[in-house]
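Trainee: Let me begin by handing over the structure; questions about it come next.
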Amino acid sequence: MAEKLAITVCDATLRDGSHAYSHQITLDQIRAYAAAAEGAGFDYLEVGHGNGLGASSLQVGLSKETEGEMLKAARGCLKKTRLSVHVMPGYATIQREIVGAIEAGVDLFRVGAHCTEADVTQRHIGHVRAAGKEAWGILMMTHMVEAEVLLEEAKKMQSYGAQGIVLMDSAGASLPDQVRAKVGLLAERLDVPVGYHAHENLGLGVANALAALDAGARILDGSSRGFGAGAGNVKLELVAAVLHRLGYPSGVDLYKALDASELAAKLFAGSLPESSPVSIISGLAGVFSGFAKPVNRVSKQLGIDPRDLFIELGRRKVVGGQEDLILEAAQELARKKSPATQERP
Amino acid sequence: MTASKKLGVAILGTGNIGTDLLIKILRSPHLECRLFAGRNLGSPGMMKASQLGVAVSARGIDAVLEAAGEVSLVFDATSAMDHLKHAPRLEKKGIVAVDLTPAKVGRMCVPAVNLNDCLGLPNVNMVTCGGQAAIPLAFAIQKANPKVRYIETVSSIASRSAGPATRLNLDEYLGTTEAGLGLFSSCPDTKAIINLNPAQPCVHMQTTLLARVEDPDLDATRARVAEMVALIRGYVPGYQLILEPMLENGRLATMVRVDGLGDYLPKYAGNLDIINCAAIAYAEAVANRRGN
Amino acid sequence: MNKAALDLVREDAAAVLNGRVPSLEALKGAQFSLTGGTGFLGTWLLELIARLNEEHGFGIRVWSLSRGAKAFALKWPHLASQPWLRLVEGDIRYLAELPRETQYLVHAAALTDRRICASNPSLVGEVNTVGAMRVLRAANLLEDLRKAVFLSSGLAVGRQAWELQAIDENHSGPVRCDRAESVYAESKRMAEVLAQCAISEWKAPLVTLRPFAFVGPYQSLELPWAVTDFMRDSLRGGPIRIMGDGATVRSILYAADFAYAVLAVLANGKSLATYHVGSDEAVDLLSLARLIAGHFTPMPEIRTGLGQAGHERTRLVPSIQRLRNELGFAPRFTVAAALERSLEWHRMMERG
């Protein structure tokens, strides 16, 4: 049997977890967890607001701490593990955020776009590369299109200078066969390494990560205890265990990865994601997992079933970042439910 | 009003925006398109203009300058780089420039908010699509609430309505929209966000305004916003309030949808339509002022 | 057209639709736009749509742009007079926009005539590439475009090696770019790439169809293809003249089958996909000549080896497996049946 290639492990706990914590992660929590991630030997630790740089907003939720402070706190705890951030053009701009993040010592910029919109990342990837930093391309909500479309978009990012491509199952809606087909096509046709970012809405996180590995992925994302949007990410401690079991080389120290997960459980107790009727429907509806908190909150205020709201949002094919549509869709559902409220005095 | 009393205008740039402007001008009781100028006589826009019997030229800005006697105002739908070159030449000839590019040479003009202040200026800039949709709402909210601490706008547009230049220049779009929001709402802390949605059939443009307001007066806000929406509908017929101002989780939120008129551009491209409608509203006001 | 000839066309249009109408449900009430809609294929598409509208209440409306709209109206009033059809005269190179309400688009406009390719190859290059570019640009402004079919050509994928039984969609054979005669294949190839660009840039819901060789009513016998040559020569009493030894291999699909394939792809084809459409029943030229000659008494003489010695044998046969697997397409007319119906129609037309 051919020797297995090393797998790059990316820890999304302090970025995707921001969604699960209503963006209230503190600097102390960042410092404590970053030290554990460093100890566990994860290749990258991603830090910041759930939607990445510049996303602290009324739209998605305001961060407790400023971007600069969060990055500084993490930077101080990392030596071997490299610091990464998520970047969504349309939220983050080069001048307003990326320049500052480069100064703050970020190693890797993971520049993301909805899976059909890769061309909006051209200037951001270009800027990061010109500044001598590493840039990857991230395709989000990849359950929405076929493998051929993902390849086309990934090739665009590769041509802009992306040094890795990660497919995100942002809605937790993908099945292992789909993952295999999509990652497989990209792994076969791209020059740069391909990665996968799994969510747990349908309980398929490990299965999908495994399918991605099988199909040739060389990068895997995960979060300790799954701390992430919606039903959470694939659990990083399980990714570490599976890689260990399959004999993939990686820089991860299994025991310390397990310790990091214990720390995450303690740090974020009460906010760890779990499967729920709403997160399952969210996955089936194919809606961005980060919508979970605002959907629950708005549904409660307007007295509607959050599952109906997710289904309505899925019908409208909303993409990551369109949190404002939650309000409008919810109000429409509420209006339909009780026609009386239509009349305003 | 007889045809001869109409204001003579020209369109510079024969792409989709320029061609859509042409259809709107042909319908205007106050404007007459005397020249449609660009670079390529074979472009679809040029062919459309020829079919409609409008004078065309492939000599771009030079043709417009030569028509100075007949043309008092020009819509520049080329590019920011080109407009920077066009602006001084147009001003020297006394031709009013309505700038639809992000060049930001002249004052930002949002007809529902500052139309009268802009009349008489040599050059006005039409901000951005998100700016045309959101700035009036921010202005209305600020009128109803003295303590607006922070304003944010989020626009969603159909992927297909965002051409290559828009996609490459999202950062500039966000910067210009934020500057416009700050300028018109006197709120120093602003943020703009844009999402491209590829759904088929194409989504219509939607713009949300979110604000952090101390002691919000919801009734006054609703009244001001309703007035403002009515005012905008006077020149952007497809502008509609789809979420009345509401308070949720400590934020004031309101949302509009902009359906395009579907003149040359598709109806879903409300983002492109609103900026063209605003430009026409400004030009018509110039025409009326000169007519009087 | 006389009644007998018209009946034949209608029977065959009905025959390819028989039992398949439910699969075309998506096209009900739709607005079609056709470019090159008065050509051989376009006419057959209209015949099938006429059946769907008249017998199955489909209510399809068609806007058809072509250079031959006026001539078409004079020649085929039974179609031109249909209230659901709007014929527009125009040159695809100067297309400014498509009807706003277009839901299904078929781009068939192209210069395919081998004689024009020989005498004015640069015009062929211009019409086939600029035309495609214009159509794609106009399509980008359509709000409710559900699917567009771009007709390419089996020749776009380059030469088929003699040893290769059939060529599938992934075939890529040589095309010589150092000679003018390549212009047809090259222009179709460029048009295909432009279509792929539209898919990449704005996710155009586009399907590429690569047609091979056809026969059927409405086909002009003036065209210098083997099958039209043989039919024309036979109708004039022969002889059928074959330059080489008659071993060259082709396959020929009946026009009604082709038109049905286009409708099936519009209704159910996978966006972004490319399909070969033709017959996979290979036939060498000598057999083809015999099949045709057999319909005449006395049988016209078949002469072979009329050209220079060493006349090159070529083979052009598509694999239509993808169309078969994904859309369940299979030709309903064999080559023999296709030739029989075609000859019958031409005879009826000659009788007037």
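Please note that chains go A, B, ... in the order of the structure tokens, that every chain numbers its residues from 1, and that ligands are numbered from 1 in the order shown.
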Compile the contact shell of A:Ala209 as a list in words: residues with an atom at most 9 Å away, counting only C-alpha atoms, same-chain residues fewer than 6 positions apart removed.
Mentor: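 Non-adjacent residues within range: Pro176, Val179, Tyr196, His197, Ala198, Ala217, Leu220, Asp221, Val234 and Val239 of chain A.
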Trainee: For N, CA and C atoms, I'd like the residues from the last selection saved as a PDB file, in the first residue's frame.
Mentor:
ATOM      1  N   PRO A 176     -22.193  11.602   2.330  1.00  0.00           N
ATOM      2  CA  PRO A 176     -20.830  11.153   2.007  1.00  0.00           C
ATOM      3  C   PRO A 176     -20.568  10.929   0.517  1.00  0.00           C
ATOM      4  N   VAL A 179     -19.881  14.222  -1.044  1.00  0.00           N
ATOM      5  CA  VAL A 179     -18.575  14.721  -0.623  1.00  0.00           C
ATOM      6  C   VAL A 179     -17.485  14.032  -1.435  1.00  0.00           C
ATOM      7  N   TYR A 196     -11.739  19.819   3.470  1.00  0.00           N
ATOM      8  CA  TYR A 196     -13.174  19.715   3.699  1.00  0.00           C
ATOM      9  C   TYR A 196     -13.529  20.199   5.095  1.00  0.00           C
ATOM     10  N   HIS A 197     -14.654  20.871   5.181  1.00  0.00           N
ATOM     11  CA  HIS A 197     -15.128  21.469   6.433  1.00  0.00           C
ATOM     12  C   HIS A 197     -16.540  20.941   6.662  1.00  0.00           C
ATOM     13  N   ALA A 198     -16.658  20.011   7.604  1.00  0.00           N
ATOM     14  CA  ALA A 198     -17.934  19.301   7.782  1.00  0.00           C
ATOM     15  C   ALA A 198     -18.747  19.862   8.944  1.00  0.00           C
ATOM     16  N   ALA A 217      -8.700  14.342  -0.051  1.00  0.00           N
ATOM     17  CA  ALA A 217      -8.511  15.610   0.669  1.00  0.00           C
ATOM     18  C   ALA A 217      -7.216  15.563   1.465  1.00  0.00           C
ATOM     19  N   LEU A 220      -8.207  18.971   6.638  1.00  0.00           N
ATOM     20  CA  LEU A 220      -9.491  18.769   7.305  1.00  0.00           C
ATOM     21  C   LEU A 220      -9.689  19.846   8.353  1.00  0.00           C
ATOM     22  N   ASP A 221     -10.911  20.381   8.371  1.00  0.00           N
ATOM     23  CA  ASP A 221     -11.314  21.330   9.406  1.00  0.00           C
ATOM     24  C   ASP A 221     -12.099  20.586  10.483  1.00  0.00           C
ATOM     25  N   VAL A 234     -17.706  19.017  12.675  1.00  0.00           N
ATOM     26  CA  VAL A 234     -17.199  17.698  13.003  1.00  0.00           C
ATOM     27  C   VAL A 234     -16.261  17.904  14.192  1.00  0.00           C
ATOM     28  N   VAL A 239     -11.730  13.728  14.591  1.00  0.00           N
ATOM     29  CA  VAL A 239     -10.888  13.791  13.389  1.00  0.00           C
ATOM     30  C   VAL A 239      -9.488  13.292  13.748  1.00  0.00           C
TER      31      VAL A 239
END
Trainee: Enumerate as a ChimeraX atom specification the residues belonging to chain C that approach chain B to within 7 Å, with only C-alpha atoms taken into account.
Mentor: /C:95-96,141-144,202
Trainee: Write a file of the selected residues as a compact mmCIF listing (two decimals), in the first residue's frame, keeping all heavy atoms.
Mentor:
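Saved the output as again.txt:
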# COMPACT_ATOMS: atom_id res chain seq x y z
N LEU C 95 -27.53 40.73 -33.67
CA LEU C 95 -28.57 40.54 -32.66
C LEU C 95 -28.30 41.46 -31.47
O LEU C 95 -27.22 41.43 -30.88
CB LEU C 95 -28.56 39.08 -32.18
CG LEU C 95 -29.50 38.74 -31.02
CD1 LEU C 95 -30.92 38.60 -31.54
CD2 LEU C 95 -29.08 37.45 -30.34
N ALA C 96 -29.27 42.29 -31.13
CA ALA C 96 -29.10 43.19 -29.98
C ALA C 96 -29.73 42.61 -28.73
O ALA C 96 -29.20 42.72 -27.64
CB ALA C 96 -29.68 44.56 -30.28
N LEU C 141 -29.21 38.61 -20.35
CA LEU C 141 -30.19 39.59 -19.87
C LEU C 141 -31.57 38.97 -19.66
O LEU C 141 -32.51 39.66 -19.28
CB LEU C 141 -30.30 40.75 -20.87
CG LEU C 141 -29.08 41.70 -20.94
CD1 LEU C 141 -29.28 42.71 -22.04
CD2 LEU C 141 -28.87 42.41 -19.61
N LEU C 142 -31.71 37.69 -19.92
CA LEU C 142 -33.03 37.06 -19.77
C LEU C 142 -33.26 36.67 -18.32
O LEU C 142 -32.40 36.08 -17.68
CB LEU C 142 -33.12 35.81 -20.67
CG LEU C 142 -32.92 36.07 -22.16
CD1 LEU C 142 -32.91 34.76 -22.92
CD2 LEU C 142 -34.01 37.00 -22.69
N GLU C 143 -34.44 37.02 -17.81
CA GLU C 143 -34.71 36.77 -16.39
C GLU C 143 -35.10 35.34 -16.11
O GLU C 143 -34.87 34.81 -15.06
CB GLU C 143 -35.89 37.64 -15.92
CG GLU C 143 -35.62 39.06 -16.11
CD GLU C 143 -36.71 39.94 -15.54
OE1 GLU C 143 -37.48 39.48 -14.70
OE2 GLU C 143 -36.76 41.10 -15.96
N ASP C 144 -35.81 34.76 -17.07
CA ASP C 144 -36.43 33.48 -16.77
C ASP C 144 -35.93 32.41 -17.74
O ASP C 144 -36.69 31.54 -18.14
CB ASP C 144 -37.95 33.64 -16.85
CG ASP C 144 -38.68 32.45 -16.23
OD1 ASP C 144 -38.04 31.70 -15.46
OD2 ASP C 144 -39.86 32.25 -16.54
N TRP C 202 -21.37 33.16 -15.73
CA TRP C 202 -22.67 33.50 -15.13
C TRP C 202 -23.60 32.29 -14.99
O TRP C 202 -24.79 32.44 -14.81
CB TRP C 202 -23.34 34.68 -15.84
CG TRP C 202 -23.59 34.55 -17.33
CD1 TRP C 202 -22.72 34.86 -18.32
CD2 TRP C 202 -24.80 34.13 -17.97
NE1 TRP C 202 -23.30 34.63 -19.55
CE2 TRP C 202 -24.59 34.19 -19.36
CE3 TRP C 202 -26.05 33.69 -17.51
CZ2 TRP C 202 -25.56 33.84 -20.30
CZ3 TRP C 202 -27.02 33.34 -18.45
CH2 TRP C 202 -26.77 33.42 -19.82
Trainee: Tell me which protein, DNA and RNA residues are within 8 Å of stretch 52-65 of chain B, counting only C-alpha atoms, leaving out same-chain ones fewer than 5 positions away, and put them as an MDAnalysis selection string.
Mentor: chainID B and resid 10 12:13 33:41 46 71 74 86 89:90 93
Trainee: When you draw a straight line from atom CA of C:Met243 to atom CA of C:Thr304, how long is it in Å?
Mentor: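 Calculated distance between atom CA of C:Met243 and atom CA of C:Thr304 is 5.9 Å.
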Trainee: Tell me as a PyMOL selection string which residues belonging to chain A come within 9 Å of chain B, counting only C-alpha atoms.
Mentor: chain A and resi 55+57-59+89-96+114+116-117+119-123+297-298+301+316-322+324-325+327-328+331
Trainee: Dump N, CA, C and O atoms for the selected residues as a short mmCIF file (atom, residue, chain, number, x, y, z; two decimals), in the first residue's frame?
Mentor:
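Produced file result-v5.cif, reproduced below:
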data_model
loop_
_atom_site.label_atom_id
_atom_site.label_comp_id
_atom_site.auth_asym_id
_atom_site.auth_seq_id
_atom_site.Cartn_x
_atom_site.Cartn_y
_atom_site.Cartn_z
N ALA A 55 -16.93 41.10 10.15
CA ALA A 55 -18.31 40.63 10.18
C ALA A 55 -19.02 40.96 11.48
O ALA A 55 -20.20 40.68 11.64
N SER A 57 -21.24 42.79 13.38
CA SER A 57 -22.25 43.68 12.79
C SER A 57 -23.60 43.40 13.42
O SER A 57 -23.80 42.37 14.07
N LEU A 58 -24.52 44.34 13.21
CA LEU A 58 -25.90 44.07 13.65
C LEU A 58 -26.49 42.94 12.82
O LEU A 58 -27.36 42.20 13.27
N GLN A 59 -26.02 42.83 11.61
CA GLN A 59 -26.51 41.80 10.70
C GLN A 59 -26.27 40.40 11.26
O GLN A 59 -27.17 39.58 11.34
N PRO A 89 -15.31 38.45 1.26
CA PRO A 89 -15.49 39.71 0.54
C PRO A 89 -16.98 40.08 0.55
O PRO A 89 -17.83 39.20 0.41
N GLY A 90 -17.26 41.35 0.72
CA GLY A 90 -18.66 41.76 0.92
C GLY A 90 -18.87 42.10 2.38
O GLY A 90 -19.72 42.91 2.73
N TYR A 91 -18.06 41.46 3.24
CA TYR A 91 -17.98 41.82 4.67
C TYR A 91 -16.63 42.47 4.94
O TYR A 91 -16.54 43.59 5.40
N ALA A 92 -15.56 41.73 4.63
CA ALA A 92 -14.22 42.23 4.91
C ALA A 92 -13.68 42.97 3.70
O ALA A 92 -13.90 42.57 2.57
N THR A 93 -12.99 44.07 3.92
CA THR A 93 -12.30 44.74 2.82
C THR A 93 -10.81 44.70 3.10
O THR A 93 -10.37 44.48 4.23
N ILE A 94 -10.05 44.94 2.06
CA ILE A 94 -8.59 44.89 2.19
C ILE A 94 -8.12 45.98 3.16
O ILE A 94 -7.41 45.70 4.13
N GLN A 95 -8.55 47.22 2.87
CA GLN A 95 -8.03 48.33 3.68
C GLN A 95 -8.57 48.32 5.10
O GLN A 95 -7.84 48.57 6.05
N ARG A 96 -9.85 48.02 5.25
CA ARG A 96 -10.47 48.12 6.57
C ARG A 96 -10.02 47.00 7.48
O ARG A 96 -9.86 47.18 8.68
N HIS A 114 -19.50 32.41 -1.46
CA HIS A 114 -20.53 31.42 -1.76
C HIS A 114 -20.02 30.60 -2.94
O HIS A 114 -19.31 31.11 -3.81
N THR A 116 -20.65 29.69 -5.76
CA THR A 116 -20.71 30.04 -7.18
C THR A 116 -20.06 31.40 -7.46
O THR A 116 -20.10 31.86 -8.60
N GLU A 117 -19.50 32.02 -6.43
CA GLU A 117 -19.10 33.43 -6.57
C GLU A 117 -17.60 33.64 -6.37
O GLU A 117 -17.17 34.67 -5.86
N ASP A 119 -15.21 34.60 -8.01
CA ASP A 119 -14.46 35.73 -8.58
C ASP A 119 -14.44 36.96 -7.67
O ASP A 119 -13.63 37.86 -7.90
N VAL A 120 -15.27 37.01 -6.63
CA VAL A 120 -15.18 38.17 -5.72
C VAL A 120 -13.93 38.09 -4.83
O VAL A 120 -13.61 39.05 -4.14
N THR A 121 -13.24 36.98 -4.85
CA THR A 121 -12.08 36.83 -3.96
C THR A 121 -10.76 37.24 -4.61
O THR A 121 -9.72 37.25 -3.96
N GLN A 122 -10.82 37.59 -5.88
CA GLN A 122 -9.58 37.83 -6.64
C GLN A 122 -8.65 38.85 -5.97
O GLN A 122 -7.48 38.59 -5.75
N ARG A 123 -9.20 40.01 -5.65
CA ARG A 123 -8.33 41.07 -5.12
C ARG A 123 -7.85 40.75 -3.72
O ARG A 123 -6.72 41.07 -3.34
N ARG A 297 -34.13 32.92 17.91
CA ARG A 297 -34.46 34.14 18.63
C ARG A 297 -35.68 34.83 17.99
O ARG A 297 -36.66 35.17 18.65
N VAL A 298 -35.61 35.01 16.67
CA VAL A 298 -36.69 35.72 15.97
C VAL A 298 -37.98 34.90 16.00
O VAL A 298 -39.08 35.45 16.17
N GLN A 301 -39.65 35.50 19.26
CA GLN A 301 -40.27 36.82 19.35
C GLN A 301 -41.57 36.88 18.56
O GLN A 301 -42.54 37.49 18.99
N ARG A 316 -36.12 29.87 -0.20
CA ARG A 316 -35.62 31.10 -0.82
C ARG A 316 -34.16 31.01 -1.23
O ARG A 316 -33.59 31.96 -1.72
N LYS A 317 -33.54 29.89 -0.96
CA LYS A 317 -32.13 29.67 -1.32
C LYS A 317 -31.22 30.78 -0.80
O LYS A 317 -30.38 31.32 -1.52
N VAL A 318 -31.38 31.12 0.47
CA VAL A 318 -30.52 32.15 1.06
C VAL A 318 -29.09 31.60 1.17
O VAL A 318 -28.88 30.40 1.25
N VAL A 319 -28.14 32.50 1.17
CA VAL A 319 -26.74 32.09 1.27
C VAL A 319 -26.16 32.64 2.57
O VAL A 319 -26.78 33.48 3.23
N GLY A 320 -24.98 32.17 2.92
CA GLY A 320 -24.33 32.66 4.13
C GLY A 320 -24.16 34.16 4.06
O GLY A 320 -23.77 34.68 3.03
N GLY A 321 -24.49 34.86 5.16
CA GLY A 321 -24.36 36.31 5.16
C GLY A 321 -25.68 37.04 5.00
O GLY A 321 -25.77 38.23 5.25
N GLN A 322 -26.71 36.30 4.60
CA GLN A 322 -28.01 36.96 4.38
C GLN A 322 -28.91 36.87 5.62
O GLN A 322 -30.12 36.67 5.49
N ASP A 324 -30.19 39.04 7.38
CA ASP A 324 -31.30 40.00 7.44
C ASP A 324 -32.60 39.42 6.90
O ASP A 324 -33.68 39.83 7.30
N LEU A 325 -32.48 38.45 5.99
CA LEU A 325 -33.69 37.87 5.41
C LEU A 325 -34.48 37.07 6.44
O LEU A 325 -35.67 36.80 6.24
N LEU A 327 -35.47 38.06 9.32
CA LEU A 327 -36.53 38.93 9.85
C LEU A 327 -37.72 39.00 8.90
O LEU A 327 -38.87 38.87 9.31
N GLU A 328 -37.41 39.21 7.65
CA GLU A 328 -38.49 39.39 6.68
C GLU A 328 -39.28 38.08 6.49
O GLU A 328 -40.50 38.07 6.50
N GLN A 331 -41.37 37.41 9.53
CA GLN A 331 -42.56 38.25 9.62
C GLN A 331 -43.64 37.78 8.63
O GLN A 331 -44.82 37.79 8.96
#
Trainee: Using DSSP on the backbone coordinates, identify all residues within stretch 74-154 of chain B classified as helix (DSSP H, G or I); present the result as a JSON list (two decimals) with N, CA and C atoms, in the first residue's frame.
Mentor:
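For reference, part-v9.json as written:
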[["chain", "number", "residue", "atom", "x", "y", "z"],
["B", 80, "ALA", "N", -14.85, 54.43, -13.78],
["B", 80, "ALA", "CA", -14.31, 55.46, -12.90],
["B", 80, "ALA", "C", -13.05, 56.08, -13.52],
["B", 81, "MET", "N", -12.20, 55.25, -14.07],
["B", 81, "MET", "CA", -10.97, 55.75, -14.67],
["B", 81, "MET", "C", -11.27, 56.70, -15.82],
["B", 82, "ASP", "N", -12.23, 56.33, -16.65],
["B", 82, "ASP", "CA", -12.60, 57.18, -17.78],
["B", 82, "ASP", "C", -13.25, 58.48, -17.30],
["B", 83, "HIS", "N", -14.10, 58.36, -16.29],
["B", 83, "HIS", "CA", -14.81, 59.56, -15.87],
["B", 83, "HIS", "C", -13.84, 60.61, -15.30],
["B", 84, "LEU", "N", -12.80, 60.15, -14.66],
["B", 84, "LEU", "CA", -11.81, 61.11, -14.14],
["B", 84, "LEU", "C", -11.25, 61.96, -15.28],
["B", 85, "LYS", "N", -11.10, 61.37, -16.45],
["B", 85, "LYS", "CA", -10.61, 62.12, -17.61],
["B", 85, "LYS", "C", -11.72, 62.97, -18.21],
["B", 86, "HIS", "N", -12.94, 62.43, -18.22],
["B", 86, "HIS", "CA", -14.06, 63.15, -18.86],
["B", 86, "HIS", "C", -14.46, 64.40, -18.08],
["B", 87, "ALA", "N", -14.43, 64.29, -16.73],
["B", 87, "ALA", "CA", -15.03, 65.32, -15.89],
["B", 87, "ALA", "C", -14.51, 66.74, -16.18],
["B", 88, "PRO", "N", -13.17, 66.98, -16.20],
["B", 88, "PRO", "CA", -12.71, 68.36, -16.44],
["B", 88, "PRO", "C", -13.07, 68.86, -17.84],
["B", 89, "ARG", "N", -13.06, 67.97, -18.81],
["B", 89, "ARG", "CA", -13.37, 68.38, -20.19],
["B", 89, "ARG", "C", -14.84, 68.77, -20.31],
["B", 90, "LEU", "N", -15.69, 68.04, -19.64],
["B", 90, "LEU", "CA", -17.13, 68.35, -19.68],
["B", 90, "LEU", "C", -17.40, 69.67, -18.98],
["B", 91, "GLU", "N", -16.75, 69.85, -17.85],
["B", 91, "GLU", "CA", -16.97, 71.07, -17.08],
["B", 91, "GLU", "C", -16.55, 72.30, -17.89],
["B", 92, "LYS", "N", -15.43, 72.20, -18.58],
["B", 92, "LYS", "CA", -14.94, 73.31, -19.39],
["B", 92, "LYS", "C", -15.97, 73.69, -20.45],
["B", 111, "PRO", "N", -31.54, 61.71, -4.80],
["B", 111, "PRO", "CA", -32.63, 62.65, -5.05],
["B", 111, "PRO", "C", -33.61, 62.83, -3.89],
["B", 112, "ALA", "N", -33.97, 61.75, -3.21],
["B", 112, "ALA", "CA", -34.97, 61.89, -2.15],
["B", 112, "ALA", "C", -34.43, 62.71, -0.97],
["B", 113, "VAL", "N", -33.14, 62.87, -0.90],
["B", 113, "VAL", "CA", -32.54, 63.53, 0.25],
["B", 113, "VAL", "C", -31.97, 64.91, -0.09],
["B", 114, "ASN", "N", -31.24, 65.02, -1.18],
["B", 114, "ASN", "CA", -30.55, 66.29, -1.41],
["B", 114, "ASN", "C", -30.63, 66.79, -2.84],
["B", 115, "LEU", "N", -31.75, 66.52, -3.51],
["B", 115, "LEU", "CA", -31.87, 66.90, -4.92],
["B", 115, "LEU", "C", -31.59, 68.39, -5.11],
["B", 116, "ASN", "N", -32.25, 69.23, -4.32],
["B", 116, "ASN", "CA", -32.14, 70.67, -4.55],
["B", 116, "ASN", "C", -30.73, 71.20, -4.33],
["B", 117, "ASP", "N", -30.02, 70.59, -3.37],
["B", 117, "ASP", "CA", -28.65, 71.04, -3.12],
["B", 117, "ASP", "C", -27.74, 70.75, -4.31],
["B", 118, "CYS", "N", -28.16, 69.79, -5.13],
["B", 118, "CYS", "CA", -27.27, 69.36, -6.22],
["B", 118, "CYS", "C", -27.52, 70.11, -7.52],
["B", 129, "CYS", "N", -25.66, 51.55, -5.77],
["B", 129, "CYS", "CA", -27.03, 51.05, -5.72],
["B", 129, "CYS", "C", -27.49, 50.92, -4.28],
["B", 130, "GLY", "N", -26.63, 50.34, -3.43],
["B", 130, "GLY", "CA", -26.98, 50.17, -2.02],
["B", 130, "GLY", "C", -27.17, 51.52, -1.36],
["B", 131, "GLY", "N", -26.35, 52.49, -1.77],
["B", 131, "GLY", "CA", -26.46, 53.84, -1.22],
["B", 131, "GLY", "C", -27.79, 54.47, -1.59],
["B", 132, "GLN", "N", -28.19, 54.37, -2.87],
["B", 132, "GLN", "CA", -29.47, 54.95, -3.30],
["B", 132, "GLN", "C", -30.64, 54.32, -2.54],
["B", 133, "ALA", "N", -30.51, 53.04, -2.21],
["B", 133, "ALA", "CA", -31.61, 52.36, -1.51],
["B", 133, "ALA", "C", -31.59, 52.66, -0.02],
["B", 134, "ALA", "N", -30.39, 52.70, 0.57],
["B", 134, "ALA", "CA", -30.30, 52.76, 2.03],
["B", 134, "ALA", "C", -30.20, 54.16, 2.61],
["B", 135, "ILE", "N", -29.53, 55.05, 1.90],
["B", 135, "ILE", "CA", -29.28, 56.38, 2.46],
["B", 135, "ILE", "C", -30.59, 57.09, 2.85],
["B", 136, "PRO", "N", -31.61, 57.07, 1.98],
["B", 136, "PRO", "CA", -32.86, 57.73, 2.38],
["B", 136, "PRO", "C", -33.47, 57.14, 3.66],
["B", 137, "LEU", "N", -33.32, 55.84, 3.83],
["B", 137, "LEU", "CA", -33.85, 55.20, 5.05],
["B", 137, "LEU", "C", -33.06, 55.67, 6.27],
["B", 138, "ALA", "N", -31.74, 55.73, 6.12],
["B", 138, "ALA", "CA", -30.90, 56.19, 7.23],
["B", 138, "ALA", "C", -31.27, 57.63, 7.59],
["B", 139, "PHE", "N", -31.51, 58.42, 6.54],
["B", 139, "PHE", "CA", -31.87, 59.82, 6.73],
["B", 139, "PHE", "C", -33.19, 59.92, 7.50],
["B", 140, "ALA", "N", -34.15, 59.10, 7.12],
["B", 140, "ALA", "CA", -35.47, 59.12, 7.77],
["B", 140, "ALA", "C", -35.35, 58.67, 9.23],
["B", 141, "ILE", "N", -34.56, 57.65, 9.46],
["B", 141, "ILE", "CA", -34.40, 57.15, 10.83],
["B", 141, "ILE", "C", -33.74, 58.20, 11.71],
["B", 142, "GLN", "N", -32.79, 58.88, 11.13],
["B", 142, "GLN", "CA", -32.08, 59.91, 11.89],
["B", 142, "GLN", "C", -33.01, 61.09, 12.21],
["B", 143, "LYS", "N", -33.95, 61.40, 11.29],
["B", 143, "LYS", "CA", -34.91, 62.48, 11.52],
["B", 143, "LYS", "C", -35.87, 62.12, 12.68],
["B", 144, "ALA", "N", -36.15, 60.83, 12.80],
["B", 144, "ALA", "CA", -37.11, 60.41, 13.82],
["B", 144, "ALA", "C", -36.45, 60.12, 15.17]]
Trainee: Which of these residues is nearest to chain A, using only C-alpha atoms: C:Ser187, C:Gln308, C:Ser200, C:Thr43?
Mentor: C:Ser200
